[in-house]
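J.: File work_0.cif follows (mmCIF, N, CA and C atoms):
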data_input
loop_
_atom_site.label_atom_id
_atom_site.label_comp_id
_atom_site.auth_asym_id
_atom_site.auth_seq_id
_atom_site.Cartn_x
_atom_site.Cartn_y
_atom_site.Cartn_z
N MET G 1 115.10 92.93 83.01
CA MET G 1 114.53 92.13 84.07
C MET G 1 113.32 91.37 83.54
N THR G 2 113.13 90.16 84.05
CA THR G 2 112.01 89.33 83.63
C THR G 2 111.14 89.00 84.84
N VAL G 3 109.97 88.48 84.57
CA VAL G 3 109.06 88.05 85.64
C VAL G 3 109.77 87.03 86.53
N GLU G 4 110.49 86.10 85.90
CA GLU G 4 111.16 85.03 86.65
C GLU G 4 112.27 85.55 87.56
N SER G 5 112.91 86.65 87.18
CA SER G 5 114.02 87.15 87.98
C SER G 5 113.64 88.32 88.89
N PHE G 6 112.40 88.76 88.84
CA PHE G 6 111.97 89.91 89.62
C PHE G 6 112.09 89.65 91.12
N LEU G 7 111.64 88.48 91.55
CA LEU G 7 111.72 88.08 92.96
C LEU G 7 112.34 86.69 93.04
N THR G 8 113.17 86.47 94.04
CA THR G 8 113.64 85.11 94.28
C THR G 8 112.48 84.31 94.88
N SER G 9 112.62 83.00 94.93
CA SER G 9 111.55 82.19 95.52
C SER G 9 111.38 82.53 97.00
N GLU G 10 112.48 82.84 97.67
CA GLU G 10 112.40 83.25 99.07
C GLU G 10 111.64 84.58 99.21
N GLU G 11 111.91 85.52 98.32
CA GLU G 11 111.21 86.81 98.36
C GLU G 11 109.74 86.64 98.03
N GLU G 12 109.42 85.75 97.10
CA GLU G 12 108.00 85.47 96.81
C GLU G 12 107.29 84.98 98.05
N LEU G 13 107.91 84.06 98.77
CA LEU G 13 107.31 83.55 100.02
C LEU G 13 107.10 84.66 101.02
N GLN G 14 108.07 85.58 101.10
CA GLN G 14 107.96 86.72 102.02
C GLN G 14 106.76 87.58 101.65
N VAL G 15 106.57 87.86 100.37
CA VAL G 15 105.46 88.69 99.92
C VAL G 15 104.12 87.99 100.19
N VAL G 16 104.04 86.70 99.87
CA VAL G 16 102.81 85.95 100.11
C VAL G 16 102.50 85.91 101.60
N ASP G 17 103.51 85.72 102.43
CA ASP G 17 103.31 85.72 103.88
C ASP G 17 102.79 87.08 104.35
N THR G 18 103.32 88.15 103.78
CA THR G 18 102.85 89.49 104.14
C THR G 18 101.38 89.67 103.77
N ILE G 19 100.99 89.14 102.61
CA ILE G 19 99.57 89.20 102.21
C ILE G 19 98.72 88.44 103.21
N ARG G 20 99.13 87.25 103.57
CA ARG G 20 98.35 86.42 104.51
C ARG G 20 98.18 87.11 105.86
N ILE G 21 99.25 87.71 106.35
CA ILE G 21 99.19 88.41 107.64
C ILE G 21 98.25 89.62 107.54
N ALA G 22 98.38 90.39 106.47
CA ALA G 22 97.54 91.58 106.28
C ALA G 22 96.07 91.19 106.18
N GLU G 23 95.78 90.10 105.48
CA GLU G 23 94.39 89.71 105.28
C GLU G 23 93.75 89.08 106.51
N LYS G 24 94.54 88.67 107.49
CA LYS G 24 93.97 88.10 108.72
C LYS G 24 93.22 89.15 109.52
N MET G 25 93.48 90.42 109.24
CA MET G 25 92.88 91.50 110.02
C MET G 25 91.75 92.21 109.28
N THR G 26 91.39 91.72 108.07
CA THR G 26 90.42 92.42 107.26
C THR G 26 89.63 91.45 106.39
N SER G 27 88.47 91.90 105.95
CA SER G 27 87.72 91.13 104.96
C SER G 27 88.21 91.45 103.55
N GLY G 28 89.10 92.43 103.43
CA GLY G 28 89.63 92.83 102.12
C GLY G 28 90.53 91.77 101.52
N GLU G 29 90.77 91.91 100.22
CA GLU G 29 91.62 90.98 99.48
C GLU G 29 92.74 91.75 98.81
N ILE G 30 93.95 91.21 98.90
CA ILE G 30 95.13 91.84 98.32
C ILE G 30 95.80 90.82 97.39
N ARG G 31 96.14 91.26 96.18
CA ARG G 31 96.85 90.40 95.23
C ARG G 31 98.03 91.15 94.65
N VAL G 32 99.05 90.40 94.26
CA VAL G 32 100.19 90.92 93.51
C VAL G 32 100.22 90.16 92.20
N HIS G 33 100.37 90.89 91.10
CA HIS G 33 100.45 90.26 89.78
C HIS G 33 101.68 90.79 89.06
N LEU G 34 102.48 89.87 88.52
CA LEU G 34 103.68 90.22 87.77
C LEU G 34 103.53 89.74 86.33
N GLU G 35 103.91 90.60 85.39
CA GLU G 35 103.93 90.16 84.00
C GLU G 35 104.80 91.07 83.16
N ASP G 36 105.15 90.57 81.99
CA ASP G 36 105.77 91.40 80.97
C ASP G 36 104.64 92.01 80.16
N PHE G 37 104.71 93.29 79.96
CA PHE G 37 103.64 93.99 79.25
C PHE G 37 104.29 94.95 78.28
N GLU G 38 103.71 95.10 77.11
CA GLU G 38 104.38 95.81 76.02
C GLU G 38 103.97 97.26 75.81
N ASN G 39 102.89 97.74 76.43
CA ASN G 39 102.41 99.07 76.11
C ASN G 39 102.53 100.01 77.31
N PRO G 40 103.60 100.79 77.39
CA PRO G 40 103.81 101.63 78.58
C PRO G 40 102.73 102.70 78.78
N SER G 41 101.99 103.04 77.75
CA SER G 41 100.97 104.08 77.90
C SER G 41 99.66 103.54 78.47
N SER G 42 99.54 102.23 78.60
CA SER G 42 98.27 101.69 79.11
C SER G 42 98.45 100.72 80.27
N THR G 43 99.46 100.92 81.08
CA THR G 43 99.69 100.06 82.23
C THR G 43 98.52 100.10 83.21
N PHE G 44 97.96 101.27 83.43
CA PHE G 44 96.82 101.39 84.34
C PHE G 44 95.62 100.60 83.81
N GLU G 45 95.34 100.71 82.52
CA GLU G 45 94.23 99.95 81.93
C GLU G 45 94.48 98.46 82.03
N ARG G 46 95.72 98.04 81.84
CA ARG G 46 96.06 96.63 81.95
C ARG G 46 95.86 96.15 83.39
N ALA G 47 96.23 96.97 84.36
CA ALA G 47 96.03 96.60 85.76
C ALA G 47 94.54 96.37 86.04
N LYS G 48 93.69 97.22 85.50
CA LYS G 48 92.24 97.04 85.67
C LYS G 48 91.76 95.76 85.00
N GLU G 49 92.31 95.43 83.83
CA GLU G 49 91.94 94.19 83.14
C GLU G 49 92.32 92.97 83.98
N VAL G 50 93.53 92.98 84.52
CA VAL G 50 94.00 91.87 85.34
C VAL G 50 93.16 91.78 86.62
N PHE G 51 92.83 92.91 87.21
CA PHE G 51 91.96 92.97 88.38
C PHE G 51 90.66 92.20 88.09
N HIS G 52 90.07 92.48 86.95
CA HIS G 52 88.82 91.80 86.55
C HIS G 52 89.08 90.32 86.25
N TYR G 53 90.15 90.04 85.51
CA TYR G 53 90.49 88.66 85.14
C TYR G 53 90.67 87.78 86.38
N LEU G 54 91.29 88.34 87.43
CA LEU G 54 91.51 87.61 88.67
C LEU G 54 90.27 87.59 89.57
N LYS G 55 89.17 88.14 89.06
CA LYS G 55 87.88 88.18 89.77
C LYS G 55 87.94 88.98 91.06
N MET G 56 88.82 89.97 91.10
CA MET G 56 88.95 90.79 92.28
C MET G 56 87.78 91.75 92.44
N ASP G 57 87.04 91.97 91.37
CA ASP G 57 85.86 92.83 91.44
C ASP G 57 84.63 92.05 91.88
N ASN G 58 84.82 90.78 92.24
CA ASN G 58 83.70 89.95 92.69
C ASN G 58 83.65 89.81 94.21
N THR G 59 84.51 90.54 94.93
CA THR G 59 84.47 90.43 96.38
C THR G 59 83.19 91.07 96.90
N GLU G 60 82.69 90.53 97.99
CA GLU G 60 81.41 90.97 98.53
C GLU G 60 81.36 92.46 98.84
N ALA G 61 82.42 92.99 99.46
CA ALA G 61 82.43 94.41 99.86
C ALA G 61 83.15 95.30 98.85
N HIS G 62 83.54 94.74 97.72
CA HIS G 62 84.28 95.50 96.70
C HIS G 62 85.50 96.17 97.31
N ASN G 63 86.27 95.35 98.05
CA ASN G 63 87.42 95.86 98.77
C ASN G 63 88.71 95.12 98.40
N GLY G 64 88.81 94.73 97.13
CA GLY G 64 90.02 94.11 96.64
C GLY G 64 91.03 95.15 96.18
N VAL G 65 92.31 94.84 96.36
CA VAL G 65 93.40 95.73 95.93
C VAL G 65 94.45 94.89 95.23
N ILE G 66 94.88 95.37 94.06
CA ILE G 66 95.94 94.69 93.33
C ILE G 66 97.15 95.60 93.21
N ILE G 67 98.31 94.99 93.36
CA ILE G 67 99.56 95.66 93.01
C ILE G 67 100.02 94.96 91.74
N TYR G 68 99.89 95.65 90.63
CA TYR G 68 100.22 95.12 89.31
C TYR G 68 101.60 95.63 88.91
N VAL G 69 102.48 94.72 88.50
CA VAL G 69 103.84 95.11 88.12
C VAL G 69 104.10 94.65 86.68
N ALA G 70 104.35 95.63 85.80
CA ALA G 70 104.81 95.34 84.44
C ALA G 70 106.34 95.32 84.53
N VAL G 71 106.87 94.15 84.77
CA VAL G 71 108.27 93.99 85.14
C VAL G 71 109.21 94.57 84.08
N ASN G 72 108.99 94.20 82.83
CA ASN G 72 109.91 94.64 81.78
C ASN G 72 109.87 96.14 81.55
N LEU G 73 108.75 96.78 81.85
CA LEU G 73 108.62 98.23 81.67
C LEU G 73 109.07 99.01 82.91
N LYS G 74 109.30 98.28 84.01
CA LYS G 74 109.64 98.90 85.28
C LYS G 74 108.55 99.88 85.71
N GLN G 75 107.30 99.43 85.56
CA GLN G 75 106.15 100.23 85.96
C GLN G 75 105.25 99.38 86.86
N PHE G 76 104.53 100.04 87.75
CA PHE G 76 103.55 99.32 88.56
C PHE G 76 102.36 100.23 88.83
N VAL G 77 101.27 99.58 89.18
CA VAL G 77 100.02 100.27 89.49
C VAL G 77 99.45 99.63 90.74
N ILE G 78 98.97 100.45 91.65
CA ILE G 78 98.21 99.94 92.79
C ILE G 78 96.78 100.40 92.55
N TYR G 79 95.87 99.43 92.50
CA TYR G 79 94.50 99.71 92.11
C TYR G 79 93.55 99.03 93.09
N GLY G 80 92.56 99.79 93.56
CA GLY G 80 91.58 99.25 94.49
C GLY G 80 90.17 99.37 93.94
N ASP G 81 89.34 98.41 94.29
CA ASP G 81 87.94 98.40 93.88
C ASP G 81 87.21 99.61 94.48
N HIS G 82 86.02 99.87 93.98
CA HIS G 82 85.30 101.10 94.37
C HIS G 82 84.92 101.14 95.85
N GLY G 83 84.75 99.98 96.49
CA GLY G 83 84.40 99.98 97.92
C GLY G 83 85.50 100.59 98.78
N ILE G 84 86.73 100.23 98.51
CA ILE G 84 87.85 100.79 99.28
C ILE G 84 88.21 102.18 98.77
N HIS G 85 88.14 102.39 97.46
CA HIS G 85 88.49 103.71 96.92
C HIS G 85 87.59 104.80 97.49
N LYS G 86 86.32 104.48 97.65
CA LYS G 86 85.36 105.43 98.23
C LYS G 86 85.78 105.87 99.63
N LYS G 87 86.40 104.97 100.36
CA LYS G 87 86.79 105.26 101.74
C LYS G 87 88.10 106.04 101.83
N VAL G 88 89.06 105.75 100.93
CA VAL G 88 90.41 106.30 101.10
C VAL G 88 90.77 107.42 100.13
N GLY G 89 90.16 107.44 98.96
CA GLY G 89 90.44 108.50 97.99
C GLY G 89 91.82 108.40 97.35
N ASP G 90 92.10 109.32 96.46
CA ASP G 90 93.32 109.30 95.66
C ASP G 90 94.60 109.47 96.48
N SER G 91 94.55 110.24 97.55
CA SER G 91 95.78 110.51 98.30
C SER G 91 96.37 109.23 98.90
N PHE G 92 95.52 108.30 99.32
CA PHE G 92 96.03 107.05 99.86
C PHE G 92 96.79 106.26 98.80
N TRP G 93 96.23 106.16 97.62
CA TRP G 93 96.90 105.40 96.54
C TRP G 93 98.23 106.06 96.19
N GLN G 94 98.25 107.38 96.17
CA GLN G 94 99.47 108.11 95.84
C GLN G 94 100.56 107.87 96.89
N SER G 95 100.20 107.98 98.16
CA SER G 95 101.22 107.81 99.21
C SER G 95 101.72 106.37 99.26
N THR G 96 100.84 105.42 99.05
CA THR G 96 101.25 104.01 99.04
C THR G 96 102.13 103.73 97.82
N ARG G 97 101.78 104.30 96.68
CA ARG G 97 102.60 104.16 95.48
C ARG G 97 104.00 104.72 95.73
N ASP G 98 104.06 105.88 96.37
CA ASP G 98 105.35 106.50 96.66
C ASP G 98 106.21 105.63 97.57
N GLU G 99 105.57 105.00 98.54
CA GLU G 99 106.30 104.12 99.47
C GLU G 99 106.88 102.91 98.74
N ILE G 100 106.08 102.31 97.87
CA ILE G 100 106.56 101.17 97.08
C ILE G 100 107.68 101.61 96.15
N GLN G 101 107.45 102.72 95.47
CA GLN G 101 108.41 103.21 94.48
C GLN G 101 109.77 103.52 95.09
N ALA G 102 109.79 104.04 96.29
CA ALA G 102 111.05 104.36 96.95
C ALA G 102 111.92 103.11 97.09
N LYS G 103 111.32 102.00 97.46
CA LYS G 103 112.08 100.75 97.61
C LYS G 103 112.41 100.14 96.24
N PHE G 104 111.50 100.27 95.29
CA PHE G 104 111.78 99.76 93.94
C PHE G 104 113.01 100.46 93.36
N LYS G 105 113.14 101.76 93.58
CA LYS G 105 114.29 102.52 93.06
C LYS G 105 115.60 102.01 93.64
N GLU G 106 115.53 101.45 94.84
CA GLU G 106 116.72 100.88 95.48
C GLU G 106 116.94 99.43 95.09
N GLY G 107 116.05 98.88 94.23
CA GLY G 107 116.15 97.48 93.83
C GLY G 107 115.61 96.53 94.87
N GLU G 108 114.92 97.05 95.86
CA GLU G 108 114.36 96.25 96.95
C GLU G 108 112.89 95.95 96.65
N PHE G 109 112.67 95.08 95.66
CA PHE G 109 111.31 94.84 95.17
C PHE G 109 110.42 94.14 96.20
N ALA G 110 110.95 93.12 96.85
CA ALA G 110 110.14 92.41 97.85
C ALA G 110 109.79 93.31 99.02
N ILE G 111 110.74 94.13 99.44
CA ILE G 111 110.47 95.05 100.56
C ILE G 111 109.45 96.09 100.13
N GLY G 112 109.57 96.61 98.92
CA GLY G 112 108.60 97.58 98.41
C GLY G 112 107.20 97.00 98.37
N LEU G 113 107.08 95.80 97.81
CA LEU G 113 105.76 95.15 97.75
C LEU G 113 105.23 94.90 99.16
N SER G 114 106.09 94.38 100.04
CA SER G 114 105.64 94.09 101.41
C SER G 114 105.21 95.35 102.15
N ASN G 115 105.96 96.44 101.98
CA ASN G 115 105.57 97.70 102.63
C ASN G 115 104.22 98.18 102.11
N GLY G 116 104.01 98.09 100.81
CA GLY G 116 102.73 98.48 100.23
C GLY G 116 101.59 97.61 100.74
N ILE G 117 101.83 96.31 100.80
CA ILE G 117 100.81 95.37 101.29
C ILE G 117 100.45 95.67 102.73
N LYS G 118 101.46 95.94 103.56
CA LYS G 118 101.20 96.26 104.97
C LYS G 118 100.34 97.52 105.09
N GLU G 119 100.65 98.53 104.29
CA GLU G 119 99.88 99.78 104.33
C GLU G 119 98.44 99.55 103.86
N VAL G 120 98.28 98.80 102.79
CA VAL G 120 96.93 98.46 102.30
C VAL G 120 96.19 97.66 103.37
N GLY G 121 96.86 96.70 103.97
CA GLY G 121 96.23 95.89 105.01
C GLY G 121 95.78 96.74 106.20
N ARG G 122 96.62 97.71 106.58
CA ARG G 122 96.28 98.59 107.70
C ARG G 122 94.99 99.37 107.41
N VAL G 123 94.90 99.92 106.21
CA VAL G 123 93.73 100.72 105.84
C VAL G 123 92.51 99.83 105.63
N LEU G 124 92.71 98.66 105.03
CA LEU G 124 91.58 97.73 104.88
C LEU G 124 91.05 97.33 106.25
N GLN G 125 91.95 97.09 107.20
CA GLN G 125 91.51 96.73 108.56
C GLN G 125 90.68 97.84 109.17
N GLU G 126 91.07 99.08 108.93
CA GLU G 126 90.34 100.23 109.50
C GLU G 126 88.91 100.30 108.95
N TYR G 127 88.77 100.13 107.64
CA TYR G 127 87.46 100.30 107.01
C TYR G 127 86.68 99.00 106.81
N PHE G 128 87.40 97.90 106.73
CA PHE G 128 86.78 96.59 106.50
C PHE G 128 87.40 95.56 107.46
N PRO G 129 87.16 95.73 108.77
CA PRO G 129 87.79 94.82 109.73
C PRO G 129 87.29 93.38 109.55
N TRP G 130 88.15 92.45 109.92
CA TRP G 130 87.77 91.04 109.88
C TRP G 130 86.64 90.81 110.88
N GLU G 131 85.66 90.05 110.46
CA GLU G 131 84.56 89.69 111.34
C GLU G 131 84.40 88.19 111.31
N HIS G 132 83.85 87.64 112.37
CA HIS G 132 83.64 86.20 112.45
C HIS G 132 82.86 85.73 111.22
N GLY G 133 83.36 84.71 110.58
CA GLY G 133 82.70 84.17 109.40
C GLY G 133 83.29 84.67 108.08
N ASP G 134 84.16 85.69 108.13
CA ASP G 134 84.81 86.15 106.90
C ASP G 134 85.68 85.04 106.34
N THR G 135 85.67 84.90 105.03
CA THR G 135 86.50 83.90 104.38
C THR G 135 87.46 84.57 103.41
N ASN G 136 88.55 83.90 103.15
CA ASN G 136 89.52 84.37 102.17
C ASN G 136 88.92 84.06 100.79
N GLU G 137 88.47 85.09 100.10
CA GLU G 137 87.75 84.90 98.84
C GLU G 137 88.67 84.64 97.65
N LEU G 138 89.94 85.06 97.74
CA LEU G 138 90.86 84.93 96.62
C LEU G 138 92.20 84.39 97.08
N SER G 139 92.93 83.79 96.16
CA SER G 139 94.25 83.25 96.46
C SER G 139 95.21 84.36 96.91
N ASP G 140 96.12 84.00 97.81
CA ASP G 140 97.14 84.94 98.26
C ASP G 140 98.42 84.82 97.42
N GLU G 141 98.49 83.82 96.58
CA GLU G 141 99.69 83.58 95.76
C GLU G 141 99.90 84.72 94.77
N ILE G 142 101.15 84.95 94.41
CA ILE G 142 101.47 85.93 93.38
C ILE G 142 101.08 85.33 92.04
N SER G 143 100.31 86.06 91.27
CA SER G 143 99.95 85.57 89.93
C SER G 143 100.94 86.14 88.93
N LYS G 144 101.14 85.39 87.85
CA LYS G 144 102.12 85.79 86.83
C LYS G 144 101.57 85.48 85.46
N ALA G 145 101.98 86.30 84.52
CA ALA G 145 101.59 86.05 83.12
C ALA G 145 102.80 86.24 82.24
#
Could you spell out this file's structure in structure tokens?

T.:
Amino acid sequence: MTVESFLTSEEELQVVDTIRIAEKMTSGEIRVHLEDFENPSSTFERAKEVFHYLKMDNTEAHNGVIIYVAVNLKQFVIYGDHGIHKKVGDSFWQSTRDEIQAKFKEGEFAIGLSNGIKEVGRVLQEYFPWEHGDTNELSDEISKA
């Protein structure tokens, strides 16, 4: 599988729409990044690098979340900045990862990503609700490398 074949253009639109809907209820930021990556032992470190590269650690409340997918390795990482991690702890990331993974195993990548985004959006809304004057600090588009 390649980055280009991971999602159809229709599925990409579905995922981006899910991000937009989730972010309307929170000041948090959610991104999805797809790439081919060669080192299966450092996918988590790569996710953190991409998080920084996409300037997700520059959000005002440190409440950015990335779903990083190493398409060719069939691995993914869900990673949140320290502001949200402090609120939800490891169990939230684990349960959300499990929800995404269940759909990925069925080959339902767009549904898995959308389910994960909805769950992240729900929790971000709880801890970082949208307030008047909040702006969308980062692009909602899927980034690719």

J.: Measure the distance from atom N of His82 of chain G to atom CA of His62 of chain G in Å and round it to one decimal.

T.: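 If I compute the distance from atom N of His82 of chain G to atom CA of His62 of chain G, I get 5.4 Å.
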
J.: So which residues touch Phe92 of chain G within 12 Å, counting only C-alpha atoms, skipping near sequence neighbours fewer than 3 positions away, as a PDB file with N, CA and C atoms, in the frame of the given file?

T.:
ATOM      1  N   ILE G  78      98.970 100.450  91.650  1.00  0.00           N
ATOM      2  CA  ILE G  78      98.210  99.940  92.790  1.00  0.00           C
ATOM      3  C   ILE G  78      96.780 100.400  92.550  1.00  0.00           C
ATOM      4  N   TYR G  79      95.870  99.430  92.500  1.00  0.00           N
ATOM      5  CA  TYR G  79      94.500  99.710  92.110  1.00  0.00           C
ATOM      6  C   TYR G  79      93.550  99.030  93.090  1.00  0.00           C
ATOM      7  N   GLY G  80      92.560  99.790  93.560  1.00  0.00           N
ATOM      8  CA  GLY G  80      91.580  99.250  94.490  1.00  0.00           C
ATOM      9  C   GLY G  80      90.170  99.370  93.940  1.00  0.00           C
ATOM     10  N   ILE G  84      86.730 100.230  98.510  1.00  0.00           N
ATOM     11  CA  ILE G  84      87.850 100.790  99.280  1.00  0.00           C
ATOM     12  C   ILE G  84      88.210 102.180  98.770  1.00  0.00           C
ATOM     13  N   HIS G  85      88.140 102.390  97.460  1.00  0.00           N
ATOM     14  CA  HIS G  85      88.490 103.710  96.920  1.00  0.00           C
ATOM     15  C   HIS G  85      87.590 104.800  97.490  1.00  0.00           C
ATOM     16  N   LYS G  86      86.320 104.480  97.650  1.00  0.00           N
ATOM     17  CA  LYS G  86      85.360 105.430  98.230  1.00  0.00           C
ATOM     18  C   LYS G  86      85.780 105.870  99.630  1.00  0.00           C
ATOM     19  N   LYS G  87      86.400 104.970 100.360  1.00  0.00           N
ATOM     20  CA  LYS G  87      86.790 105.260 101.740  1.00  0.00           C
ATOM     21  C   LYS G  87      88.100 106.040 101.830  1.00  0.00           C
ATOM     22  N   VAL G  88      89.060 105.750 100.930  1.00  0.00           N
ATOM     23  CA  VAL G  88      90.410 106.300 101.100  1.00  0.00           C
ATOM     24  C   VAL G  88      90.770 107.420 100.130  1.00  0.00           C
ATOM     25  N   GLY G  89      90.160 107.440  98.960  1.00  0.00           N
ATOM     26  CA  GLY G  89      90.440 108.500  97.990  1.00  0.00           C
ATOM     27  C   GLY G  89      91.820 108.400  97.350  1.00  0.00           C
ATOM     28  N   SER G  95     100.200 107.980  98.160  1.00  0.00           N
ATOM     29  CA  SER G  95     101.220 107.810  99.210  1.00  0.00           C
ATOM     30  C   SER G  95     101.720 106.370  99.260  1.00  0.00           C
ATOM     31  N   THR G  96     100.840 105.420  99.050  1.00  0.00           N
ATOM     32  CA  THR G  96     101.250 104.010  99.040  1.00  0.00           C
ATOM     33  C   THR G  96     102.130 103.730  97.820  1.00  0.00           C
ATOM     34  N   ARG G  97     101.780 104.300  96.680  1.00  0.00           N
ATOM     35  CA  ARG G  97     102.600 104.160  95.480  1.00  0.00           C
ATOM     36  C   ARG G  97     104.000 104.720  95.730  1.00  0.00           C
ATOM     37  N   ASP G  98     104.060 105.880  96.370  1.00  0.00           N
ATOM     38  CA  ASP G  98     105.350 106.500  96.660  1.00  0.00           C
ATOM     39  C   ASP G  98     106.210 105.630  97.570  1.00  0.00           C
ATOM     40  N   GLU G  99     105.570 105.000  98.540  1.00  0.00           N
ATOM     41  CA  GLU G  99     106.300 104.120  99.470  1.00  0.00           C
ATOM     42  C   GLU G  99     106.880 102.910  98.740  1.00  0.00           C
ATOM     43  N   GLY G 116     104.010  98.090 100.810  1.00  0.00           N
ATOM     44  CA  GLY G 116     102.730  98.480 100.230  1.00  0.00           C
ATOM     45  C   GLY G 116     101.590  97.610 100.740  1.00  0.00           C
ATOM     46  N   GLU G 119     100.650  98.530 104.290  1.00  0.00           N
ATOM     47  CA  GLU G 119      99.880  99.780 104.330  1.00  0.00           C
ATOM     48  C   GLU G 119      98.440  99.550 103.860  1.00  0.00           C
ATOM     49  N   VAL G 120      98.280  98.800 102.790  1.00  0.00           N
ATOM     50  CA  VAL G 120      96.930  98.460 102.300  1.00  0.00           C
ATOM     51  C   VAL G 120      96.190  97.660 103.370  1.00  0.00           C
ATOM     52  N   ARG G 122      96.620  97.710 106.580  1.00  0.00           N
ATOM     53  CA  ARG G 122      96.280  98.590 107.700  1.00  0.00           C
ATOM     54  C   ARG G 122      94.990  99.370 107.410  1.00  0.00           C
ATOM     55  N   VAL G 123      94.900  99.920 106.210  1.00  0.00           N
ATOM     56  CA  VAL G 123      93.730 100.720 105.840  1.00  0.00           C
ATOM     57  C   VAL G 123      92.510  99.830 105.630  1.00  0.00           C
ATOM     58  N   LEU G 124      92.710  98.660 105.030  1.00  0.00           N
ATOM     59  CA  LEU G 124      91.580  97.730 104.880  1.00  0.00           C
ATOM     60  C   LEU G 124      91.050  97.330 106.250  1.00  0.00           C
TER      61      LEU G 124
END

J.: Applied to the shown file, which residues does the PyMOL selection byres ((chain G and resi 3) around 8) return, written as a compact mmCIF listing (two decimals) with N, CA and C atoms, in the frame of the given file?

T.:
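Heads up, here's the output in out03.txt:
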# COMPACT_ATOMS: atom_id res chain seq x y z
N MET G 1 115.10 92.93 83.01
CA MET G 1 114.53 92.13 84.07
C MET G 1 113.32 91.37 83.54
N THR G 2 113.13 90.16 84.05
CA THR G 2 112.01 89.33 83.63
C THR G 2 111.14 89.00 84.84
N GLU G 4 110.49 86.10 85.90
CA GLU G 4 111.16 85.03 86.65
C GLU G 4 112.27 85.55 87.56
N SER G 5 112.91 86.65 87.18
CA SER G 5 114.02 87.15 87.98
C SER G 5 113.64 88.32 88.89
N PHE G 6 112.40 88.76 88.84
CA PHE G 6 111.97 89.91 89.62
C PHE G 6 112.09 89.65 91.12
N LEU G 7 111.64 88.48 91.55
CA LEU G 7 111.72 88.08 92.96
C LEU G 7 112.34 86.69 93.04
N LEU G 34 102.48 89.87 88.52
CA LEU G 34 103.68 90.22 87.77
C LEU G 34 103.53 89.74 86.33
N GLU G 35 103.91 90.60 85.39
CA GLU G 35 103.93 90.16 84.00
C GLU G 35 104.80 91.07 83.16
N ASP G 36 105.15 90.57 81.99
CA ASP G 36 105.77 91.40 80.97
C ASP G 36 104.64 92.01 80.16
N ALA G 70 104.35 95.63 85.80
CA ALA G 70 104.81 95.34 84.44
C ALA G 70 106.34 95.32 84.53
N VAL G 71 106.87 94.15 84.77
CA VAL G 71 108.27 93.99 85.14
C VAL G 71 109.21 94.57 84.08
N ASN G 72 108.99 94.20 82.83
CA ASN G 72 109.91 94.64 81.78
C ASN G 72 109.87 96.14 81.55
N LYS G 144 101.14 85.39 87.85
CA LYS G 144 102.12 85.79 86.83
C LYS G 144 101.57 85.48 85.46
N ALA G 145 101.98 86.30 84.52
CA ALA G 145 101.59 86.05 83.12
C ALA G 145 102.80 86.24 82.24

J.: Can you work out the spacing between atom CA of Phe37 of chain G and atom CA of Glu137 of chain G in Å, to one decimal?

T.: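 Atom-to-atom, atom CA of Phe37 of chain G to atom CA of Glu137 of chain G, that is 26.8 Å.
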
J.: One number please: atom CA of Leu13 of chain G to atom CA of Gly28 of chain G, in Å, one decimal.

T.: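 Atom-to-atom, atom CA of Leu13 of chain G and atom CA of Gly28 of chain G are spaced 20.1 Å apart.
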
J.: So which bits of segment 28-126 of chain G end up alpha helix (DSSP H) when you DSSP the backbone, as a ChimeraX atom specification?

T.: /G:43-53,82-105,109-126

J.: Restricting the calculation to all atoms listed in the file, which member of G:Glu10, G:Glu106, G:Glu23, G:Glu29 is positioned closest to Val65 of chain G?

T.: G:Glu29

J.: Could you give me, as number ranges by chain, the residues that have an atom at most 7 Å away from the point (101.9, 93.0, 91.3) in the coordinates of the file, using all atoms listed in the file?

T.: G: 31-35, 66-70, 77

J.: Give as a PyMOL selection string every residue, naming chains and numbers as the document does, that has an atom within 12 Å of (86.7, 90.5, 91.6), counting only C-alpha atoms.

T.: chain G and resi 28-31+48-66+80-83+137-139

J.: Enumerate, as a list in words, the residues matched when the PyMOL selection byres (((chain G and resi 25 and name CA) around 7) and name CA) is run on the file above.

T.: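 Selected by the PyMOL selection byres (((chain G and resi 25 and name CA) around 7) and name CA) here: Ala22, Glu23, Lys24, Thr26, Gln125, Pro129 and Trp130 of chain G.
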
J.: May I ask which of the residues G:Thr43, G:Thr18, G:Ser143, G:Ser9 is the closest one to Gln75 of chain G, counting only N, CA and C atoms?

T.: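 Looking at the shortest contact to Gln75 of chain G, the residue is G:Thr43.
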
J.: From a backbone DSSP assignment, name each residue in chain G labelled strand (DSSP E), as a VMD selection string.

T.: chain G and resid 29 to 35 64 to 70 75 to 80 143 to 144

J.: Box for segment 7-24 of chain G: with edges along x, y and z, all listed atoms inside and 3 Å added on each side, what are the centre and edge lengths in Å to one decimal, as lines of an AutoDock Vina configuration file?

T.:
center_x = 103.4
center_y = 86.9
center_z = 100.5
size_x = 26.4
size_y = 15.4
size_z = 24.0
